[in-house]
Structure formats: C-alpha cells, structure tokens
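To start, the structure under review is shown below, and the notes come after it.
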Number of protein chains: 2
Amino acid sequence: MEKLKKYISVKDEDKFYHQGAVELLVFNFLLILTILTIWLFKNHRFRFLHETGGAMLYGLVMGLIIQYVTKASDVESGTVYECEKLKSGPSTLLINITNQVYEYQYKREISHHNVNGHQGNAMLQKMTFDPSIFFNILLPPIIFHAGYSLKKRHFFRNLGSILTYAFLGTAISCIVIGLIMYGFVKAMVHMGQLKQWEFHFTDCLFFGSLMSATDPVTVLAIFHELHVDTDLYTLLFGESVLNDAVAIVLTYSISIYSPKENPNAFDTAAFFQSVGNFLGIFAGSFAMGSSYAVVTALISFMHLTKFTKLCEFPMLETGLFFLLSWSAFLSAEAAGLTGIVAVLFCGVTQAHYTYNNLSPDSKTRTKQLFEFMNFLAENVIFCYMGLALFTFQNHIFNPLFICGALVAVFVARACNIYPLSFFLNLGQKQKIPRNFQHMMMFSGLRGAIAFALAIRDTDSQPKQMMFTTALLIVFFTVWVFGGGTTPMLTWLQIRVGVDPDEDLKAEAASQSSSNLDKNTTKAESAWLFRIWHGFDHKYLKPILTHTGPPLTTTLPEWCNPVARLLTSPTAYGDQLKDGDTDYIINNDELTENYESSAHIPVPARDRTGSTQATGKEDIQEGDLGLGGYKLQLQPQMNSPA
Amino acid sequence: MEKLKKYISVKDEDKFYHQGAVELLVFNFLLILTILTIWLFKNHRFRFLHETGGAMLYGLVMGLIIQYVTKASDVESGTVYECEKLKSGPSTLLINITNQVYEYQYKREISHHNVNGHQGNAMLQKMTFDPSIFFNILLPPIIFHAGYSLKKRHFFRNLGSILTYAFLGTAISCIVIGLIMYGFVKAMVHMGQLKQWEFHFTDCLFFGSLMSATDPVTVLAIFHELHVDTDLYTLLFGESVLNDAVAIVLTYSISIYSPKENPNAFDTAAFFQSVGNFLGIFAGSFAMGSSYAVVTALISFMHLTKFTKLCEFPMLETGLFFLLSWSAFLSAEAAGLTGIVAVLFCGVTQAHYTYNNLSPDSKTRTKQLFEFMNFLAENVIFCYMGLALFTFQNHIFNPLFICGALVAVFVARACNIYPLSFFLNLGQKQKIPRNFQHMMMFSGLRGAIAFALAIRDTDSQPKQMMFTTALLIVFFTVWVFGGGTTPMLTWLQIRVGVDPDEDLKAEAASQSSSNLDKNTTKAESAWLFRIWHGFDHKYLKPILTHTGPPLTTTLPEWCNPVARLLTSPTAYGDQLKDGDTDYIINNDELTENYESSAHIPVPARDRTGSTQATGKEDIQEGDLGLGGYKLQLQPQMNSPA
C-alpha cells in the first residue's frame, strides 16, 4: 500500500512539471503566432501593427479563451488556514497533512481583501508570473540591448537635449501626473465616485512616476524602418532609454518616502531623504554598471607577454562578456541599488570600450545574442500584458479614474516636451523644430517598464486600481499611437529615407559652402561633450582599448614609464586612423535646416556606398537596431496606403 | 502604523529579491572564474582539466566555503506544522499568521525522515535548485545542441555500430549494474553493513539505468581539439548522444514499473508493460521532435507567390526556429513523453532539413546561439554538481556501496563495449580496432544526465544513497578519466591531427588504388543507410528543402501535377550540385586501415584548403563543435608534457 502511494505521489509530481510545460507552450504558441503575423504584415507593408502590439493582441485573445473555455477549479485555494504557532512567515513551510509532510515555499503576502481573488481559474492562475521575473529576467536584456545599441555619435551630439528631457522632463511628468490625479481623486471622493481609501498624495506621485516611463518601441521600429531623420530618432531613443532609468529610481524613491506623521502633510526631512535616495541610487547604479564594463574591457584588453589574448577564444570571450554584464545587474540588486539602471550604463560602457577589444566573431556574437534576447523578452512582456487583463485577479476598473489618468498622462507629456523644447531652443541656434516637438509629444507611448513597475506592488486597493489603469493606458497608447505613427509622420512632414552617414557628410559639405548662420550648432551639447571626449580620448580609450593615441603622448613626460606599460603596442600605429575623430562636432559647424529639408522626400540611397564615413568602432545601427530586418526603403512614403 | 507595516513588508519582499541576486551572483562568479581558469589552461596547453571539470572543482570549493563561513540560521524551517483541516496538499496555500495572510506555493512532498535535513545552512538551502530546472531548462539546450551539431556524414557511416552501442549497450549496462548492485546490497545486508531498507531489485535496476547515461563531454572536447580519428570521435559522440535518450526513457520506464504483488518477484505483465512504455515513449518522443522540425522546415521553405521568404527576416527566422524547437520539448512533456528525447531528434532533423532553408545569417545565428546556450548550461550543471555535495541536505555516504557501484559501472561498460564490438566486427571487414575499443571503454564518463536523473527522485533513503553515489562517481570519472584522456590517447597510439575531409578524400583515393580488401566497408551501416537515404533524397529533401532532385523526376509520372506544385523552383537548377552525394558510401569502397595508420602521427593540415570536399549543407564540425575554440593542432602530440 505504501509503495502504491509513493508511485501516485511521483505521478502527481510529474503532473506538476507537465502543467508548467502547458503554460510555457501557450506562451510559445502566442509568440510563434506573433512572428508569423508580423511576417505577413511585413509582406504587405502594414505598419499599423508592430510585433509588440500584435503580441499584446494575441495575449488578450488567449486570455479571453482561457477565461471562458477552461473551467474554474481548485476550490481549496480560496480558503485561508489559521496557524497559531507561527509568529512570522518563514521562507519554507513544512506542513503535515494526513500524515504526509509537504514543503511549501513563501511566495508573497496578501491583503485580506485580495483573498477572494484566489478562487479563480486554475489555468490562468498558473500562467501568472511572479512580478520579480519582469525585473530580474525579462527587463535586463531589453535595457542592456538599448544601452549597447545606442548610436553613440548622434547620441552625444544631442546629449544636452536628451539629458534635459530624461531628467527634468521625467520629473515634470511625474509631478504633473501626480498633481492632476490627486485633484481628480479628491474630486471623485467628493462626488462619491470613489470610496475613501487611503489615497495619499504619495500614492498619486507613485502613479505619476511609474506612468512617466515611456517606451516608444513601436515608434522607434517604424522610425528605423523608414529611416526617419536621425536627430529625431536619437532624441526619442535617448530620451526613452534614460527616462526608464530615471522613472525606475524615482518610483523606488517615492515608494520608500515615509513621512513620520501625517502621510498627507509635507515632511521636509523625508522629502530630502527621498531626493538623496534618488541621487544615491542613481549614482551608485551608474558606478556599478560602468565599473563592471570597465573590468570586462580590461580583461578583454589584457595581453600579458606569454598569453594568447582572450579574443582567440570567441566562446570564452562571449561568455565572459555576458556573465560580467549580468553580474553588473545582480551586484546592483544585491547592494540594494537598481539593477536595471546598472545594466543600462553597463551596456553603454561595454559598447564604448569593450566592443573595440572584442574579436570580430565575438562582436557579431554579442550583438546578435542581445538582439535576440531583446526580441524574445520584449514579445513575452507584451504578450503577458495582454494576458494580464485576465490572469490578474484583483483588477479594479474605475472608468473615471482611467479617463483622468489618460488626460493626466497627455498633459504631463505636453508639459515635458513643449516647455523644455522652448528652453532648449533658447540656448541654441539649431532649434528643435515644431514638427519634431509634436512627434515627440505623440510618441509618449507607455510600455514594459510602466507595466513592470505597476505590477510589482499590487497589495492595496489604490495600487490595484493604478495597475489596471496603467495596463489600459499601455493598450491604448501602443495600439492607437503606435498604429498612427506612419500617418503622423506624413502629416507632420518629417523627412524619411535619411541615411545617417550621408546626413553627417551633408553637414560637412554645407559647413564649407553656406555662411548663413555662423553660430554654434548645439553649443551646449558640444561643450559638455568636448570636455568628456577630451578626457576619454586621451586617457580612457588608450588604457581600456586598442584605439586612441598612445598614453606616452597624452600624459605628462614624468608619467612615461607608467604610460609605456599601459599602452597597447598597436596604439602607436593607430594614431592616424583613430575612429573617434569623426564625431567631434566643430563649434563653427553648420547643419542643414531641418524645416526646409522636411519637405523634400529623400529618395532611397545606396547604403553600401556610404559606410566609409563611419568610424570603425561605431556600432552600425543597421546591425544592432531593432529586429535586424532587411531595409525596406519606401520612396512612396509621402502617400502611404 | 498600518502604513509603516506595509513599508516594512515591501522592504522584506525586496530582501527576497536581493537574496536571489546574491545566489545567482555566486554562480556567475563561479562561471567567470571557470572561464578565466580555462583561458589560463589553454594558454599553457594543459589538457588535464576541461572547463566542466574546472567548474565542478570551483563549485565544490564554493560549497565548502559557504558551508563553513556562513552560519546556520532560519531555525523555523525545521519545524513541521499540523493542519487537520486539509485533506491533500493544494498547489497554493493561504495561511493566516498573526492576522496577516501569506501565500505559499507547493514545492514537494518530503518523507518524515528527511525533515531534519531542513535545519541546515540558509544560504546553501537557497542555492538549491528545484530538480525540474535541470530537465526543463538546463538539459534541453545541451541535448538540442548535440543533435544539431551531429556530424551527419560520419554519423550515418557508423550508424549501425552507434545504434548497437546506444540501444543494446545501454540495456546491457543497465542490467549488469542492476545485477551487480543487487548482489552487493544483499551481501551488505547479510554482513550487517546496510540496514534492511526496502532495497528492491527494481531500485537496483533504476540505479543501473541512470548510471548507464554516459557523458564524455571532457573526452570529446579533447578529441575535437586534437583532431582525433573522426570515426572514433563519431562513434563516441553518437553513442553518448543516443545513449542519453535511451537511459532517460529506460529510467522512466523502470520507475513506473509497478508489479502488483511482491515487489521482489518478477511480474511478467508489469515487465511487458514497462517494455511497452519504453518503446511507446521513445517512439512518441521521436515522432514529436521530428514533426516539429518538419514544421519548421516547411515554414522556412514556404514561398507563396507574393510573399517574401521568411529568410529575408533573419530575426523572425531565428525566433521561429528557437520557439518551435522549444515547443517540441514542451509538447512532449505536456503529452507525457520525454522532452529531452524529443528535443534531441528535433535537433537532428532541424540540422538535416531546416538548416538548408535558413538564410546564411540565420545559420550562423542559430549555430552560435545554441553553442552559447550549451556552453553556459553545461558549465552551470557541472558547477552545481560541485555545490550539490554541500547543498543537498540528505546525503547518505556508504563507502562500500560507492566502491561496489564503481566496480559495477566499469564491469558494465566492459560488458557493453567488448562483446558488442566483437559482434560488430564479425559482420564487417572494417573492424573496430582494439585501441578504439579500449578508448571507448575508457571514455565511459558519467555526467549531467546521470546527475539530473538521480536528483529527480531523492525521497527514499535508497534513492538518497544512490544520488550520493552517482555524484561521487561523476566526480571521479570526470577528473580521473577526463584528465587522463591525453596520456591515454598517446598510450593507445590513436592517431591525432586528422582532417575529417582529408580523411574522406584519402578513402576515395585508396578506393581506386588499393585492391587488398574487396569486401564492403561497414556493409550493414551502408545497407541501413542506403534505404533511408534513397527515400530521403528522392522525396523528403525536395519537399522540405531547396536541395535534391525535382520531385517531377523522382515521383511516378501520374503524380506530376502534385510534384510540380511541391518542388522548389531552385531545385531544377540544383540537380548537379546536390550536396548529399558526397556521403553516400559505395559498397565497394575501401578505407584506410585504422591499425596501420594509428602509428603514423599525421601532421597538422591546412584546413582551409580542404573544404571543397564538404557538401554545402553539411554542418562543419569546426563551426558547430564543442566550444568553438580556435584550432590548435599539436604536431608534438606523441610526446605531450
């Protein structure tokens, strides 16, 4: 008899494994379906649905099917058991049930009012991820890839604007959304539309900070495909990448803001502590991420006398690159910092230094590996978002709150883009034109980060309402704004089919011929960039990579012995063909007028003929960009179907 | 107050995430250390420690450090709580502890005697994986990679021998180990060295089946690096790949063998049911795996009139390839079959058909992706094996049993290799020479599969003793036999520095010049292969890939309309440059005599000059093989340091 029972228990356990397989299979099926649909769409040149939008749609449909086809079961799971002997929740719980010991693992704490939600559909319950999976597994490859594929040259040209939008803009957005929502909640409570929950101003600010993380992946994919003006692309991409980092740290800082007394009153000490937290966490994560990248660069650069270089073994090199980048994330998490921010700056630094030291094989391997991981993770998240409408058991739909949030999000975006653009345009002659501003306003989609931040904390009822609202806003912006990108580009007459390298060449040409405007182009960017570039070019590059001038020429003479030790032997011969020089912007440089060129549809250009303008260590957008699809230039862009 | 409590609970939850980060960081650190060590070893051409052996060593050291440096904690976890209200263990348990509801997730069932083991070190406990992680996450990429990188031409040339060793050999090995261990256990019980547990013959057979899975990854890596005779390489690689599949299904069949009455008596019905299970599961998994691969091949082959082919979008193609291959695994698991076996045959079929349809970009991407996943998964498993000596809480060390098992394993390997080689040599003139047999005997290392099979079931005390024994045998074989491979090759005078393509050419040359031996080479392999190849070449290849003759020429005339529809337009022009022909073995073909050539050290050859002999669709071993390291031919091989 006991024998028999054991076999049954083994079979039960097997059933547990197999059920996990079924759920993963559902996800696989959704992703396969998404890929096939996108293939179809690409054939017909439909651009109104990006793969992420498609994944979300399929997730939604699948959730609907599971909800209504499979039946509610597992009645046991809604019951709460009492345990008087326990004082706190241990991480592992052993329970004796009918003379058999079962091991249970701590999952989370649940509020009393959420217990009922657990009487739902067993299949949907099993398809619910632990929210930490988003932060620890799915987001890091996406964010790292964003950092690794940052188009450095154009990024640094627009550094000032990008930093302004990302830091100041996100703060503005957070505060504006927080204020509007607070007013809205107050009004709703007044009108009796909302029960008097504990809806504090900090909760509203929390919502503001998580809704401030923009994720224009759909828009960027279309920009990339149509070769939209590179400056606009860079502005938007750079803003969205850094803005994620800011929003994540901001959300964390607000969530640990705990005024001592009345939670509605302003507590100066607690406020400054939060600001301090923000700065500390941001700086710490930045330092953690970049130092891991520097270590990777140093290891891959190492060439002891008797040693084969690491780049002789591409697999070891790729493995080390991957593991050290992942360690940057994990170390930041372990140290109580923000792993996502660390991994972002790790990616940027890896692209800047380590990439130069890698063997050609490893360059391709790492690029393709992270591109692939990004592709999968992105589609899984968007798929899950569609499903979450059904898998999440404690939705609180409040139409008024949702409408209010939608208004708040757009007002906040407007308060971010237009005033900041105005101030940025004051300082520089090379204005950010009106149509760019409108396009940036329009591209304020919400996506993976907002969702992940919202799902991380859904204990209280206000948080649940926020999560539901965030989810619906993501749906709305991705489908409506994502789908409307192509018509919007036409309507705003933004030029497409731009070759980024041709662009720079044209600038250089116009520089010598035109004398209309003698002032500096993006002076403040150049100024900021110039200082950093000088230091980087003279000292960091020669120490960390095989490029740049030998340290013996850049360091003072008394440092010569050290300098000689640190300089790569190849650096001496490399002085002339240093790849960095092509993106230093001269102060008296001129660019084409955006406004005038926006009216001229630029024909498809031969990309292969223009690569010689690119610095050898500049990562090609075409190689690293979104999806790696073949270029499909569209000369008929001004009259799309 | 309640507010404060919530913040604390959020912080507690964060602590949970961060602890996960610390454990992953430990693994990352171990892997980084392994990579750096291997780099060092490669520089000094040390071959006595492969990366997997190194990973295992570091895991062991790390386990030792954690065990003695961190202190035992989490006293709560050893206590068993009573719950009278529950009848069975639900998958999710809600518990009310001091007015706060906690959610717990079902992990597993524990025997009463194992409860004490839970009072161990908290850090080590947290580093313990769920055994299902091995089967669902770590093994599939390894096994898929093995299937995908199978060197088809040489594999099919030795198909008969490989199948004999894999099926018959594994069965022999299982039974021999089972019998020896049963005798041993009986003797130990008789001598009072072993308590009278429920140690049945089926338990011994179970041990025999799991110990029959060989994993000569270390040996194969060295073979690959030294370019050991291709036939020996293929025999060993092919045997180990198929043998894993056989051992896994065998273990499963034995574990569900449940005689109705006395478990020690032989029950004919139950026995035949087990045999039926084995055949059913094996065939089902095979069908599942290959059908997914066929679907992938069909999709990637599809070219509707107005459609761009999928290979225009390498990212979509790679994604689809990856997801469908993974789905093969998951579907098999969900259907109650063996996912690992499905994924193996999926890999073989993908390499045979789909690989031909992929774009060049996707070919590289998929190869490198699976190579990388294999590299990481393998090192994680071996790292974990080292750790498992400390993380596993219920080790039962029984020196006598371990010695007995070691003897049994080697006797069983001898009973597998020598008699089967003798019978195989009867049927063919091209003998498997003595030194090959000794080398195969020597290469019976145990590794990841044996470990994963043993850790899956550690509930009863006999199973725990088996797990401990299996773990120690893995340690012993990997370090001692893995480290002894190079000296053994020299001692057995097996030729190294062989170019597989040159090898085939030499065969073709000797075929025309030498007349010493007119009989068939590996006649039975060729015969088996010939039938299959004819069918494959004439019908499957033209339907599934762009290669092979047009169907219109191979199908009967009345099938012409269907044939014309199914044939790729490129097939018509492809008739002459069909890549398959180079590995059809003619009946009157001759090969070099192994024995004589074994004495001649073959100098390093120019690999680049010899690729024209390879069929265009044959995956290059140098590209796909273990590790992807640069070739380091060793002309001084006969006198290694």
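We name chains A, B, ... following the order of the structure tokens; residues begin at 1 in each chain, and ligands are numbered from 1 as shown.
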With 10 Å as the cut-off and only C-alpha atoms counted, what is the closest atom pair between each nearby residue of stretch 141-172 of chain A and stretch 369-375 of chain A? Distances in Å to one decimal, ordered by chain and number, as CSV.
residue,atom,partner,partner_atom,distance
A:Pro141,CA,A:Asn374,CA,5.5
A:Ile142,CA,A:Asn374,CA,4.7
A:Ile143,CA,A:Asn374,CA,8.2
A:Phe144,CA,A:Phe370,CA,7.8
A:His145,CA,A:Phe370,CA,5.8
A:Ala146,CA,A:Asn374,CA,8.7
A:Tyr148,CA,A:Phe370,CA,8.6
A:Ser149,CA,A:Glu371,CA,9.0
Item to complete: Write out as a VMD selection string which residues come within 10 Å of stretch 351-356 of chain A when counting only C-alpha atoms, dropping same-chain ones fewer than 5 positions away.
Response: chain A and resid 145 147 to 152 293 to 301 321 345 to 346 362 to 363 366 to 367 540 to 547 616 to 619
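Interatomic distance, atom CA of B:Ile417 to atom CA of B:Arg446: 15.5 Å.
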message: Between atom CA of B:Lys186 and atom CA of B:Asn398, what is the distance in Å, rounded to a tenth?
response: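 So the answer is 14.5 Å.
Around A:Gly178, within 10 Å and counting only C-alpha atoms, the residues found are Ile172, Ser173, Cys174, Tyr182, Gly183, Phe184, Phe201, Thr202, Asp203, Cys204, Leu205, Phe206, Phe207, Gly208, Ser209, Met211, Ala405, Ala408, Val409 and Ala412 of chain A, once anything fewer than 4 positions away on its own chain is removed.
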One residue among A:Leu471, A:Val228, A:Val217, A:Leu179 is nearest to A:Leu387 when using only C-alpha atoms, and that residue is A:Leu471
#### Entry: Surrounding residues of stretch 31-35 of chain A excluding itself and chain neighbours under 4 positions, 8 Å, only C-alpha atoms, as a PyMOL selection string
(chain A and resi 27+39+51+54-55+58+379-380+383) or (chain B and resi 316+319-320+323-324)
Pull N, CA, C and O atoms from the residues just selected and write them as a JSON list (two decimals), in the first residue's frame.
[["chain", "number", "residue", "atom", "x", "y", "z"],
["A", 27, "PHE", "N", 2.58, 30.21, -24.16],
["A", 27, "PHE", "CA", 3.38, 31.39, -24.49],
["A", 27, "PHE", "C", 4.13, 31.21, -25.81],
["A", 27, "PHE", "O", 4.16, 32.10, -26.65],
["A", 39, "TRP", "N", 5.38, 38.56, -40.00],
["A", 39, "TRP", "CA", 5.93, 38.20, -41.32],
["A", 39, "TRP", "C", 4.91, 38.57, -42.40],
["A", 39, "TRP", "O", 5.24, 39.20, -43.42],
["A", 51, "GLU", "N", 5.16, 44.23, -33.95],
["A", 51, "GLU", "CA", 5.10, 42.90, -33.34],
["A", 51, "GLU", "C", 4.69, 42.96, -31.87],
["A", 51, "GLU", "O", 3.97, 42.08, -31.40],
["A", 54, "GLY", "N", 1.06, 43.29, -31.78],
["A", 54, "GLY", "CA", 0.48, 42.00, -32.15],
["A", 54, "GLY", "C", 0.55, 41.02, -31.01],
["A", 54, "GLY", "O", -0.44, 40.32, -30.70],
["A", 55, "ALA", "N", 1.69, 40.98, -30.34],
["A", 55, "ALA", "CA", 1.85, 40.06, -29.21],
["A", 55, "ALA", "C", 0.82, 40.37, -28.13],
["A", 55, "ALA", "O", 0.20, 39.46, -27.56],
["A", 58, "TYR", "N", -2.64, 39.16, -29.27],
["A", 58, "TYR", "CA", -2.79, 37.71, -29.15],
["A", 58, "TYR", "C", -2.89, 37.29, -27.69],
["A", 58, "TYR", "O", -3.65, 36.37, -27.36],
["A", 379, "ASN", "N", 8.73, 40.59, -26.67],
["A", 379, "ASN", "CA", 7.48, 39.98, -27.10],
["A", 379, "ASN", "C", 6.80, 39.21, -25.97],
["A", 379, "ASN", "O", 5.58, 39.19, -25.88],
["A", 380, "VAL", "N", 7.60, 38.61, -25.10],
["A", 380, "VAL", "CA", 7.00, 37.91, -23.95],
["A", 380, "VAL", "C", 6.29, 38.92, -23.06],
["A", 380, "VAL", "O", 5.16, 38.69, -22.63],
["A", 383, "CYS", "N", 3.12, 40.14, -24.73],
["A", 383, "CYS", "CA", 2.18, 39.02, -24.70],
["A", 383, "CYS", "C", 1.55, 38.90, -23.32],
["A", 383, "CYS", "O", 0.34, 38.73, -23.18],
["B", 316, "LEU", "N", 13.21, 37.11, -37.28],
["B", 316, "LEU", "CA", 11.97, 36.34, -37.20],
["B", 316, "LEU", "C", 12.27, 34.86, -37.41],
["B", 316, "LEU", "O", 11.72, 33.99, -36.73],
["B", 319, "GLY", "N", 13.99, 33.43, -34.40],
["B", 319, "GLY", "CA", 13.00, 33.34, -33.33],
["B", 319, "GLY", "C", 12.08, 32.15, -33.53],
["B", 319, "GLY", "O", 11.82, 31.38, -32.59],
["B", 320, "LEU", "N", 11.61, 31.98, -34.74],
["B", 320, "LEU", "CA", 10.71, 30.88, -35.05],
["B", 320, "LEU", "C", 11.40, 29.53, -34.85],
["B", 320, "LEU", "O", 10.84, 28.60, -34.27],
["B", 323, "LEU", "N", 11.76, 28.97, -31.07],
["B", 323, "LEU", "CA", 10.49, 28.71, -30.39],
["B", 323, "LEU", "C", 9.90, 27.36, -30.78],
["B", 323, "LEU", "O", 9.37, 26.64, -29.93],
["B", 324, "LEU", "N", 10.00, 27.00, -32.06],
["B", 324, "LEU", "CA", 9.44, 25.71, -32.48],
["B", 324, "LEU", "C", 10.25, 24.56, -31.89],
["B", 324, "LEU", "O", 9.70, 23.53, -31.50]]
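Using only C-alpha atoms, the smallest distance between any of B:Thr128, B:Thr468, B:Thr37, B:Thr214 and B:Glu23 comes from B:Thr128.
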Residue list (helix (DSSP H, G or I), DSSP) for stretch 189-260 of chain A, as a PyMOL selection string: chain A and resi 189-190+201-211+217-226+230-255
| message | One decimal, in Å: what's the spacing between atom CA of B:Gly484 and atom CA of B:Leu424? | response |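 Here the two named atoms are 27.3 Å from each other.
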Handout entry: Spatial neighbours of B:Leu163, max dist 9 Å, only C-alpha atoms, sep filter under 6 positions, as a list in words
Key = Gly169, Gly238, Glu239, Leu242 and Asn243 of chain B
Save out the residues we just selected, all heavy atoms, as a PDB file, in the first residue's frame.
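In the end it all went to again.pdb:
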ATOM      1  N   GLY B 169      23.742  -1.708 -25.953  1.00  0.00           N
ATOM      2  CA  GLY B 169      24.785  -1.445 -24.965  1.00  0.00           C
ATOM      3  C   GLY B 169      24.217  -0.863 -23.681  1.00  0.00           C
ATOM      4  O   GLY B 169      24.584  -1.277 -22.581  1.00  0.00           O
ATOM      5  N   GLY B 238      28.204   9.860 -31.140  1.00  0.00           N
ATOM      6  CA  GLY B 238      26.904   9.299 -31.497  1.00  0.00           C
ATOM      7  C   GLY B 238      26.371   8.404 -30.402  1.00  0.00           C
ATOM      8  O   GLY B 238      25.200   8.496 -30.027  1.00  0.00           O
ATOM      9  N   GLU B 239      27.255   7.564 -29.859  1.00  0.00           N
ATOM     10  CA  GLU B 239      26.818   6.672 -28.795  1.00  0.00           C
ATOM     11  C   GLU B 239      26.335   7.469 -27.597  1.00  0.00           C
ATOM     12  O   GLU B 239      25.254   7.212 -27.062  1.00  0.00           O
ATOM     13  CB  GLU B 239      27.967   5.753 -28.358  1.00  0.00           C
ATOM     14  CG  GLU B 239      27.550   4.704 -27.349  1.00  0.00           C
ATOM     15  CD  GLU B 239      28.480   4.616 -26.163  1.00  0.00           C
ATOM     16  OE1 GLU B 239      29.612   5.113 -26.253  1.00  0.00           O
ATOM     17  OE2 GLU B 239      28.063   4.055 -25.140  1.00  0.00           O
ATOM     18  N   LEU B 242      22.824   9.288 -28.267  1.00  0.00           N
ATOM     19  CA  LEU B 242      21.662   8.405 -28.295  1.00  0.00           C
ATOM     20  C   LEU B 242      21.486   7.667 -26.969  1.00  0.00           C
ATOM     21  O   LEU B 242      20.363   7.421 -26.534  1.00  0.00           O
ATOM     22  CB  LEU B 242      21.795   7.401 -29.439  1.00  0.00           C
ATOM     23  CG  LEU B 242      21.540   7.960 -30.820  1.00  0.00           C
ATOM     24  CD1 LEU B 242      21.697   6.880 -31.856  1.00  0.00           C
ATOM     25  CD2 LEU B 242      20.139   8.563 -30.915  1.00  0.00           C
ATOM     26  N   ASN B 243      22.606   7.349 -26.368  1.00  0.00           N
ATOM     27  CA  ASN B 243      22.581   6.631 -25.103  1.00  0.00           C
ATOM     28  C   ASN B 243      21.879   7.435 -24.003  1.00  0.00           C
ATOM     29  O   ASN B 243      21.166   6.889 -23.166  1.00  0.00           O
ATOM     30  CB  ASN B 243      24.038   6.270 -24.758  1.00  0.00           C
ATOM     31  CG  ASN B 243      24.367   6.308 -23.311  1.00  0.00           C
ATOM     32  OD1 ASN B 243      24.345   7.370 -22.685  1.00  0.00           O
ATOM     33  ND2 ASN B 243      24.685   5.151 -22.768  1.00  0.00           N
TER      34      ASN B 243
END
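The smallest atom-to-atom distance between chain A and any of B:Thr70, B:Thr391, B:Ser212, B:Ser325, using only C-alpha atoms, is found for B:Ser325.
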query: From the set B:Pro399, B:Gly482, B:Gly347, B:Gly339, which residue has the shortest atom-to-atom contact distance to chain A, counting only C-alpha atoms?
result: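 Of the candidates, the smallest distance to chain A is held by B:Gly339.
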TODO: Please identify all polymer residues within 7 Å of stretch 254-257 of chain A, counting only C-alpha atoms, omitting same-chain residues fewer than 3 positions from it, and present them as a ChimeraX atom specification.
DONE: /A:202,206,250-251,270-271,274
Would you mind exporting C-alpha atoms of the selected residues as a CSV table (one decimal), in the first residue's frame?
chain,number,residue,atom,x,y,z
A,202,THR,CA,2.4,60.0,-2.3
A,206,PHE,CA,3.9,57.0,-7.2
A,250,LEU,CA,12.1,57.8,-9.0
A,251,THR,CA,9.4,55.2,-8.3
A,270,ALA,CA,11.6,62.8,4.4
A,271,PHE,CA,11.4,64.7,1.2
A,274,SER,CA,13.9,60.7,-0.9
Go through B:Phe535, B:Phe410, B:Phe322, B:Phe390 one by one, measure the shortest atom-to-atom distance of each to chain A using only C-alpha atoms, and give the residue with the smallest value.
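For chain A, the nearest of the given residues is B:Phe322.
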Under the rule that only C-alpha atoms are counted, which of A:His227, A:Arg45, A:Arg365, A:Lys195 is the nearest residue to chain B?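 Using only C-alpha atoms, chain B sits closest to A:Arg365.
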Q | All residues 12 Å or closer to A:Phe476, only C-alpha atoms, same chain fewer than 3 positions away omitted, as a VMD selection string | A | chain A and resid 53 56 to 57 386 402 to 403 405 to 406 409 444 to 447 469 to 473 479 to 484
